[in-house]
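This report concerns only the one structure given below.
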Amino acid sequence: MSVREILKMGDPRLLRVAEPVTEFNTPELHSLIADMFDTMHAANGAGLAAPQIGVNLRLVIYGFKQNTRYPDAPPVPETVLINPKFRPLSAERDEGWEGCLSVPGLRGVVPRFSALHYEGFDQFGNLISRDAEGFHARVVQHECDHLDGILYPMRIEDFTQFGYVDVLFPEMDPNEDD
């Protein structure tokens with residue numbers, strides 16, 4: 001297990017469409033997932049997609065009890081989600097501030113579906129099928145975007161609500177948002 005380098009916006013590997021995972025419950029997959037959790041925790045992240053560490057697979061992890069980068073966010077269950085698909089439960093969308101480990105030091109307001117149903121598999125090949133709303137739904141959509149080569153700034157509709165954390169949120173420690 002180790003902390004891996006997180007790719008930053010501008011690296012073309014972040015713009016690729018990731019390939020499906022075809023083998024489950026392998027030592028390589030378990031090792032990758034352990035590295036992803038180590039990396040996410042070391043960076044105080046809410047989630048991490050495999051492409052963010054240069055691995056072009058449809059694999060995301062997310063979850064926390066409390067997160068210093070999103071101090072007002074409710075807990076999100078710790079999850080390994082492989083080959084995910086989701087559908088909105090309604091057309092309702094919420095706007096909310098997002099950041100990204102691949103876009104350090106910046107935040108922007110992004111519209112996302114308020115509630116969704118998602119499915120995928122865990123590392124053992126077991127089906128995961130859940131409904132999510134609020135911040136949980138936002139995290140799932142954000143991480144799944146990485147699997148299609150989309151970074152959150154590509155979803156921003158109002159660029160007056162995009163900027164540096166230390167300017168937008170002076171009370172926040174900018175080192176917590178790297």
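Ligands are numbered from 1 in the order shown, chains are lettered A, B, ... in the order of the structure tokens, and residues start at 1 in each chain.
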Within chain A, find each residue whose DSSP state, derived from the backbone, is strand (DSSP E), and express the selection as a PyMOL selection string.
chain A and resi 47-49+59-64+76-88+93-100+103-113+115-121+127-133+162-164
For Asn126 in chain A, please output as a ChimeraX atom specification all residues within 10 Å (counting only C-alpha atoms; exclusion window: fewer than 3 positions along the same chain).
/A:24-25,82,120-123,129
Include N, CA and C atoms and write out the residues we just selected as a PDB file, in the first residue's frame.
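again.pdb, written as the output of this step:
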```
ATOM      1  N   PHE A  24     -12.351  -9.305 -11.215  1.00  0.00           N
ATOM      2  CA  PHE A  24     -12.593  -8.891  -9.841  1.00  0.00           C
ATOM      3  C   PHE A  24     -11.841  -9.805  -8.876  1.00  0.00           C
ATOM      4  N   ASN A  25     -11.689  -9.330  -7.638  1.00  0.00           N
ATOM      5  CA  ASN A  25     -11.101 -10.108  -6.550  1.00  0.00           C
ATOM      6  C   ASN A  25      -9.707 -10.634  -6.893  1.00  0.00           C
ATOM      7  N   ILE A  82     -17.133  -0.029  -8.959  1.00  0.00           N
ATOM      8  CA  ILE A  82     -16.472  -0.429 -10.198  1.00  0.00           C
ATOM      9  C   ILE A  82     -17.510  -0.509 -11.317  1.00  0.00           C
ATOM     10  N   GLY A 120     -23.173  -0.604  -9.651  1.00  0.00           N
ATOM     11  CA  GLY A 120     -21.837  -1.007 -10.048  1.00  0.00           C
ATOM     12  C   GLY A 120     -21.473  -2.229  -9.219  1.00  0.00           C
ATOM     13  N   PHE A 121     -20.194  -2.471  -9.106  1.00  0.00           N
ATOM     14  CA  PHE A 121     -19.724  -3.650  -8.393  1.00  0.00           C
ATOM     15  C   PHE A 121     -18.651  -3.261  -7.390  1.00  0.00           C
ATOM     16  N   ASP A 122     -18.539  -4.058  -6.335  1.00  0.00           N
ATOM     17  CA  ASP A 122     -17.423  -3.870  -5.415  1.00  0.00           C
ATOM     18  C   ASP A 122     -16.236  -4.674  -5.938  1.00  0.00           C
ATOM     19  N   GLN A 123     -15.132  -4.666  -5.194  1.00  0.00           N
ATOM     20  CA  GLN A 123     -13.905  -5.309  -5.644  1.00  0.00           C
ATOM     21  C   GLN A 123     -14.029  -6.833  -5.748  1.00  0.00           C
ATOM     22  N   SER A 129     -26.178  -1.449  -5.443  1.00  0.00           N
ATOM     23  CA  SER A 129     -27.327  -0.753  -6.013  1.00  0.00           C
ATOM     24  C   SER A 129     -27.888   0.146  -4.921  1.00  0.00           C
TER      25      SER A 129
END
```
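Counting only C-alpha atoms, the residue from A:Phe135, A:Glu157, A:Ile150, A:Leu127 that sits nearest to Pro77 in chain A is A:Phe135.
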Tell me, as a list in words, which residues lie within 12 Å of Glu171 in chain A, counting only C-alpha atoms; anything in the same chain fewer than 5 positions away does not count.
Arg69, Pro71, Val165, Asp166 and Glu176 of chain A
Writing out the chosen residues with N, CA, C and O atoms as a PDB file, in the first residue's frame:
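Done, and the output landed in out-v1.pdb:
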```pdb
ATOM      1  N   ARG A  69     -11.944  19.148   4.049  1.00  0.00           N
ATOM      2  CA  ARG A  69     -12.145  19.956   2.838  1.00  0.00           C
ATOM      3  C   ARG A  69     -13.606  20.343   2.667  1.00  0.00           C
ATOM      4  O   ARG A  69     -13.920  21.308   1.993  1.00  0.00           O
ATOM      5  N   PRO A  71     -16.210  20.613   5.481  1.00  0.00           N
ATOM      6  CA  PRO A  71     -16.563  20.458   6.892  1.00  0.00           C
ATOM      7  C   PRO A  71     -18.065  20.410   7.172  1.00  0.00           C
ATOM      8  O   PRO A  71     -18.473  19.841   8.187  1.00  0.00           O
ATOM      9  N   VAL A 165      -9.431  28.981  -3.638  1.00  0.00           N
ATOM     10  CA  VAL A 165      -9.973  28.743  -2.307  1.00  0.00           C
ATOM     11  C   VAL A 165      -9.591  29.858  -1.346  1.00  0.00           C
ATOM     12  O   VAL A 165     -10.436  30.338  -0.585  1.00  0.00           O
ATOM     13  N   ASP A 166      -8.333  30.303  -1.374  1.00  0.00           N
ATOM     14  CA  ASP A 166      -7.896  31.317  -0.405  1.00  0.00           C
ATOM     15  C   ASP A 166      -8.568  32.668  -0.625  1.00  0.00           C
ATOM     16  O   ASP A 166      -8.645  33.486   0.286  1.00  0.00           O
ATOM     17  N   GLU A 176      -5.257  22.658   3.166  1.00  0.00           N
ATOM     18  CA  GLU A 176      -6.203  21.556   3.306  1.00  0.00           C
ATOM     19  C   GLU A 176      -6.859  21.234   1.964  1.00  0.00           C
ATOM     20  O   GLU A 176      -7.572  20.258   1.853  1.00  0.00           O
TER      21      GLU A 176
END
```
What is the distance, in Å and to one decimal place, between CA of Tyr164 in chain A and CA of Val17 in chain A?
27.7 Å
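One distance worth recording is that between CA of Gln141 in chain A and CA of Phe169 in chain A, which is 23.7 Å.
Of the residues under consideration (A:Ser114, A:Asn44, A:Thr39, A:Ser2), A:Ser114 shows the shortest atom-to-atom contact distance to Leu89 in chain A when counting only C-alpha atoms.
Nearest to Gly54 in chain A of all the residues A:Cys100, A:Leu14, A:Met154, A:Met1 is A:Leu14, counting only C-alpha atoms.
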